[in-house]
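Here is data-v5.cif, consisting of mmCIF, C-alpha atoms:
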```
data_structure
#
loop_
_atom_site.group_PDB
_atom_site.id
_atom_site.type_symbol
_atom_site.label_atom_id
_atom_site.label_comp_id
_atom_site.auth_asym_id
_atom_site.auth_seq_id
_atom_site.Cartn_x
_atom_site.Cartn_y
_atom_site.Cartn_z
ATOM 1 C CA MET A 35 115.257 96.617 119.922
ATOM 2 C CA SER A 36 117.167 98.720 122.458
ATOM 3 C CA GLY A 37 119.675 95.863 122.794
ATOM 4 C CA PHE A 38 120.706 96.598 119.217
ATOM 5 C CA ARG A 39 120.761 100.356 119.657
ATOM 6 C CA GLU A 40 122.921 100.736 122.766
ATOM 7 C CA PRO A 41 126.219 99.297 121.413
ATOM 8 C CA LEU A 42 126.014 101.424 118.270
ATOM 9 C CA LYS A 43 125.664 104.666 120.248
ATOM 10 C CA THR A 44 129.232 104.395 121.534
ATOM 11 C CA ALA A 45 130.879 103.593 118.183
ATOM 12 C CA SER A 46 133.003 106.519 116.964
ATOM 13 C CA GLU A 47 132.105 105.765 113.327
ATOM 14 C CA PHE A 48 128.411 106.057 114.120
ATOM 15 C CA ARG A 49 128.900 109.268 116.073
ATOM 16 C CA SER A 50 130.742 110.761 113.101
ATOM 17 C CA LEU A 51 127.854 109.770 110.771
ATOM 18 C CA GLN A 52 125.354 111.288 113.184
ATOM 19 C CA THR A 53 127.352 114.534 113.348
ATOM 20 C CA ALA A 54 127.489 114.724 109.542
ATOM 21 C CA VAL A 55 123.713 114.309 109.263
ATOM 22 C CA ALA A 56 123.038 116.777 112.087
ATOM 23 C CA LYS A 57 125.238 119.389 110.381
ATOM 24 C CA HIS A 58 123.575 118.759 106.990
ATOM 25 C CA ARG A 59 126.751 117.487 105.329
ATOM 26 C CA LEU A 60 124.737 115.546 102.802
ATOM 27 C CA PRO A 61 124.425 113.446 100.724
ATOM 28 C CA LEU A 62 126.120 110.848 102.850
ATOM 29 C CA GLY A 63 127.397 107.472 101.662
ATOM 30 C CA VAL A 64 128.078 104.398 103.759
ATOM 31 C CA LEU A 65 129.644 101.443 101.959
ATOM 32 C CA GLY A 66 130.557 97.870 102.832
ATOM 33 C CA LEU A 67 127.682 97.110 105.201
ATOM 34 C CA SER A 68 125.254 94.230 104.931
ATOM 35 C CA PRO A 69 121.640 95.257 104.273
ATOM 36 C CA ILE A 70 120.498 94.662 107.865
ATOM 37 C CA HIS A 71 123.345 96.816 109.213
ATOM 38 C CA LYS A 72 122.353 99.622 106.834
ATOM 39 C CA ALA A 73 118.832 99.379 108.230
ATOM 40 C CA HIS A 74 120.226 99.437 111.774
ATOM 41 C CA ILE A 75 122.194 102.635 111.132
ATOM 42 C CA ILE A 76 119.290 104.340 109.338
ATOM 43 C CA ASP A 77 116.995 103.418 112.232
ATOM 44 C CA MET A 78 119.429 104.946 114.721
ATOM 45 C CA LEU A 79 120.006 108.123 112.699
ATOM 46 C CA CYS A 80 116.295 108.729 112.121
ATOM 47 C CA GLY A 81 115.472 108.019 115.759
ATOM 48 C CA ASN A 82 118.305 109.988 117.364
ATOM 49 C CA LEU A 83 117.923 113.026 115.121
ATOM 50 C CA SER A 84 114.136 112.911 114.548
ATOM 51 C CA LYS A 85 114.755 113.049 110.792
ATOM 52 C CA LYS A 86 113.260 111.467 107.709
ATOM 53 C CA ALA A 87 115.518 109.803 105.154
ATOM 54 C CA LEU A 88 115.748 109.181 101.447
ATOM 55 C CA VAL A 89 117.974 106.176 100.805
ATOM 56 C CA VAL A 90 119.203 105.645 97.241
ATOM 57 C CA LEU A 91 120.293 102.110 96.371
ATOM 58 C CA PRO A 92 121.607 100.474 93.181
ATOM 59 C CA ASP A 93 118.311 98.804 92.237
ATOM 60 C CA GLU A 94 114.687 98.396 93.248
ATOM 61 C CA ALA A 95 115.236 94.905 94.686
ATOM 62 C CA SER A 96 117.750 96.373 97.172
ATOM 63 C CA ALA A 97 115.275 99.136 98.050
ATOM 64 C CA THR A 98 112.517 96.596 98.689
ATOM 65 C CA LYS A 99 114.807 94.529 100.921
ATOM 66 C CA LEU A 100 115.895 97.607 102.880
ATOM 67 C CA VAL A 101 112.275 98.652 103.461
ATOM 68 C CA ALA A 102 111.487 95.188 104.869
ATOM 69 C CA ASP A 103 114.540 95.411 107.165
ATOM 70 C CA LEU A 104 113.591 98.928 108.308
ATOM 71 C CA GLN A 105 110.068 97.772 109.109
ATOM 72 C CA THR A 106 111.617 95.022 111.257
ATOM 73 C CA PHE A 107 113.221 97.796 113.317
ATOM 74 C CA GLY A 108 109.824 99.473 113.633
ATOM 75 C CA LEU A 109 110.344 102.303 111.144
ATOM 76 C CA SER A 110 107.610 103.213 108.694
ATOM 77 C CA ALA A 111 109.232 102.913 105.297
ATOM 78 C CA ALA A 112 108.144 102.827 101.662
ATOM 79 C CA VAL A 113 109.668 101.981 98.302
ATOM 80 C CA TYR A 114 109.603 104.713 95.666
ATOM 81 C CA PRO A 115 109.519 102.661 92.449
ATOM 82 C CA GLU A 116 110.897 103.561 89.049
ATOM 83 C CA ARG A 117 108.497 104.936 86.474
ATOM 84 C CA GLU A 118 107.569 102.380 83.854
ATOM 85 C CA PHE A 119 108.014 103.489 80.283
ATOM 86 C CA ILE A 120 105.415 101.911 77.988
ATOM 87 C CA PHE A 121 105.742 102.569 74.306
ATOM 88 C CA ASN A 122 102.434 100.974 73.313
ATOM 89 C CA THR A 123 99.538 103.421 73.642
ATOM 90 C CA ALA A 124 96.816 100.809 74.141
ATOM 91 C CA ALA A 125 95.121 101.908 77.369
ATOM 92 C CA GLU A 126 93.994 98.427 78.376
ATOM 93 C CA ILE A 127 97.569 97.140 78.814
ATOM 94 C CA ARG A 128 98.790 100.034 80.981
ATOM 95 C CA SER A 129 99.073 99.547 84.712
ATOM 96 C CA HIS A 130 99.038 102.523 87.053
ATOM 97 C CA GLU A 131 100.330 100.525 90.017
ATOM 98 C CA TYR A 132 103.776 102.158 89.968
ATOM 99 C CA GLU A 133 102.143 105.612 89.921
ATOM 100 C CA GLN A 134 100.043 104.700 92.948
ATOM 101 C CA LYS A 135 103.101 103.419 94.823
ATOM 102 C CA ARG A 136 105.087 106.548 93.973
ATOM 103 C CA LEU A 137 102.248 108.777 95.188
ATOM 104 C CA GLN A 138 101.823 106.694 98.360
ATOM 105 C CA ALA A 139 105.506 107.146 99.192
ATOM 106 C CA LEU A 140 105.402 110.893 98.523
ATOM 107 C CA THR A 141 102.164 111.527 100.426
ATOM 108 C CA GLY A 142 103.469 109.369 103.273
ATOM 109 C CA LEU A 143 106.522 111.614 103.535
ATOM 110 C CA LEU A 144 104.410 114.782 103.417
ATOM 111 C CA SER A 145 101.951 113.559 106.044
ATOM 112 C CA GLY A 146 104.623 112.170 108.350
ATOM 113 C CA ALA A 147 103.303 108.607 108.050
ATOM 114 C CA VAL A 148 106.553 107.477 106.387
ATOM 115 C CA GLN A 149 109.973 108.061 107.955
ATOM 116 C CA VAL A 150 112.142 106.509 105.246
ATOM 117 C CA VAL A 151 111.759 106.252 101.488
ATOM 118 C CA ALA A 152 114.077 103.857 99.660
ATOM 119 C CA CYS A 153 114.525 103.937 95.902
ATOM 120 C CA SER A 154 116.821 102.911 93.089
ATOM 121 C CA VAL A 155 119.184 105.362 91.415
ATOM 122 C CA SER A 156 116.889 105.350 88.360
ATOM 123 C CA ALA A 157 113.826 106.249 90.439
ATOM 124 C CA ALA A 158 115.708 109.017 92.255
ATOM 125 C CA VAL A 159 116.552 110.867 89.043
ATOM 126 C CA GLN A 160 113.066 110.693 87.516
ATOM 127 C CA ARG A 161 111.031 113.876 87.744
ATOM 128 C CA THR A 162 107.977 113.877 89.969
ATOM 129 C CA VAL A 163 105.318 116.233 91.247
ATOM 130 C CA PRO A 164 106.616 119.060 93.487
ATOM 131 C CA PRO A 165 105.554 118.777 97.169
ATOM 132 C CA GLU A 166 103.479 121.967 97.090
ATOM 133 C CA ASP A 167 101.508 120.695 94.052
ATOM 134 C CA LEU A 168 100.931 117.340 95.732
ATOM 135 C CA ARG A 169 99.635 119.024 98.894
ATOM 136 C CA ARG A 170 97.381 121.359 96.907
ATOM 137 C CA ARG A 171 95.918 118.628 94.693
ATOM 138 C CA ALA A 172 95.388 115.946 97.350
ATOM 139 C CA VAL A 173 91.773 114.928 97.909
ATOM 140 C CA THR A 174 90.854 112.864 100.954
ATOM 141 C CA VAL A 175 87.676 110.826 100.892
ATOM 142 C CA LYS A 176 86.491 109.285 104.159
ATOM 143 C CA THR A 177 83.768 106.719 104.757
ATOM 144 C CA GLY A 178 80.555 108.404 105.820
ATOM 145 C CA ALA A 179 81.632 111.902 104.756
ATOM 146 C CA ASP A 180 79.299 114.062 102.683
ATOM 147 C CA ILE A 181 80.853 115.192 99.421
ATOM 148 C CA LYS A 182 79.333 117.366 96.739
ATOM 149 C CA MET A 183 79.536 115.266 93.606
ATOM 150 C CA GLN A 184 80.398 118.201 91.336
ATOM 151 C CA ASP A 185 83.265 119.334 93.632
ATOM 152 C CA PHE A 186 84.645 115.795 93.671
ATOM 153 C CA VAL A 187 84.353 115.415 89.887
ATOM 154 C CA THR A 188 86.057 118.796 89.376
ATOM 155 C CA ALA A 189 88.925 117.801 91.700
ATOM 156 C CA LEU A 190 89.426 114.535 89.813
ATOM 157 C CA LEU A 191 89.396 116.259 86.417
ATOM 158 C CA GLU A 192 91.916 118.857 87.642
ATOM 159 C CA ASN A 193 94.173 116.000 88.750
ATOM 160 C CA GLY A 194 94.315 114.393 85.328
ATOM 161 C CA TYR A 195 91.461 111.910 85.426
ATOM 162 C CA THR A 196 89.222 111.508 82.379
ATOM 163 C CA ARG A 197 85.464 111.301 82.703
ATOM 164 C CA CYS A 198 83.832 108.247 81.128
ATOM 165 C CA ASP A 199 80.519 106.403 81.424
ATOM 166 C CA MET A 200 81.752 103.068 82.725
ATOM 167 C CA VAL A 201 84.982 101.709 84.163
ATOM 168 C CA GLU A 202 85.643 97.987 83.812
ATOM 169 C CA GLY A 203 88.995 97.665 85.513
#
```

Please, can you express the file's structure as structure tokens?
Amino acid sequence: MSGFREPLKTASEFRSLQTAVAKHRLPLGVLGLSPIHKAHIIDMLCGNLSKKALVVLPDEASATKLVADLQTFGLSAAVYPEREFIFNTAAEIRSHEYEQKRLQALTGLLSGAVQVVACSVSAAVQRTVPPEDLRRRAVTVKTGADIKMQDFVTALLENGYTRCDMVEG
């Protein structure tokens, strides 16, 4: 990928973007670029400055496309999806997939496994768990590890899970 990176380093427009990010003149907007060129610039900024990035796009489809482009450049990236609002209270029709994806993106940022999170404007303005709460409440379970059942159950209950006899889905 260095063949793509070298020409951009000498562009005055890129150097001015890099200076703005380095001096924390944020948020920063770049308009008029194709999606792959946005990914190229984000890759360069994150790499040159050893920074993580939150990229806000008009919709979730654009965020998903950007994440795929960033992964092509070798960056670890994740989509932070919008929260689904379900007005029917029937538990069997609710999916928690969006919650899992949101938590994966946030924990990836906290752990350093994710360099870039892309989201829609709607997802960016939705409240989420503060980083210190996420760190404090995280429970890691590894294959072969010994865990006291009561400690694990307590951790799950403190994190909002409900105890029941059988789970079917």

A:Phe48, A:Phe38, A:Tyr114, A:Phe186 ranked by distance to Glu133 (chain A), top pick (using all atoms listed in the file):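 Nearest to Glu133 (chain A): A:Tyr114.
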
Write out as JSON, numbers by chain the residues lying within 12 Å of Pro61 (chain A), counting only C-alpha atoms and excluding same-chain residues fewer than 5 positions away. {"A": [51, 54, 55, 56, 87, 88, 89, 90]}

Mind checking which residues fall within 6 Å of Val113 (chain A), counting only C-alpha atoms, ignoring those fewer than 2 positions away in the same chain, and posting them as a tab-separated table (two decimals) with C-alpha atoms, keeping the file's coordinate frame?
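The resulting around09.tsv:
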```tsv
chain	number	residue	atom	x	y	z
A	115	PRO	CA	109.52	102.66	92.45
A	151	VAL	CA	111.76	106.25	101.49
A	152	ALA	CA	114.08	103.86	99.66
A	153	CYS	CA	114.52	103.94	95.90
```

Under the PyMOL selection byres ((chain A and resi 117) around 8), which residues of this model are included? Write them out as a list of chain:residue names. A:Pro115, A:Glu116, A:Glu118, A:Phe119, A:Tyr132, A:Glu133, A:Ala157, A:Gln160

Quick one: write out the picked residues with C-alpha atoms as an mmCIF file, in the frame of the given file?
```cif
data_model
loop_
_atom_site.group_PDB
_atom_site.id
_atom_site.type_symbol
_atom_site.label_atom_id
_atom_site.label_comp_id
_atom_site.auth_asym_id
_atom_site.auth_seq_id
_atom_site.Cartn_x
_atom_site.Cartn_y
_atom_site.Cartn_z
ATOM 1 C CA PRO A 115 109.519 102.661 92.449
ATOM 2 C CA GLU A 116 110.897 103.561 89.049
ATOM 3 C CA GLU A 118 107.569 102.380 83.854
ATOM 4 C CA PHE A 119 108.014 103.489 80.283
ATOM 5 C CA TYR A 132 103.776 102.158 89.968
ATOM 6 C CA GLU A 133 102.143 105.612 89.921
ATOM 7 C CA ALA A 157 113.826 106.249 90.439
ATOM 8 C CA GLN A 160 113.066 110.693 87.516
#
```

Residues selected by the PyMOL selection byres ((chain A and resi 79) around 10), written as a PyMOL selection string: chain A and resi 48-49+51-53+55-56+73-78+80-87
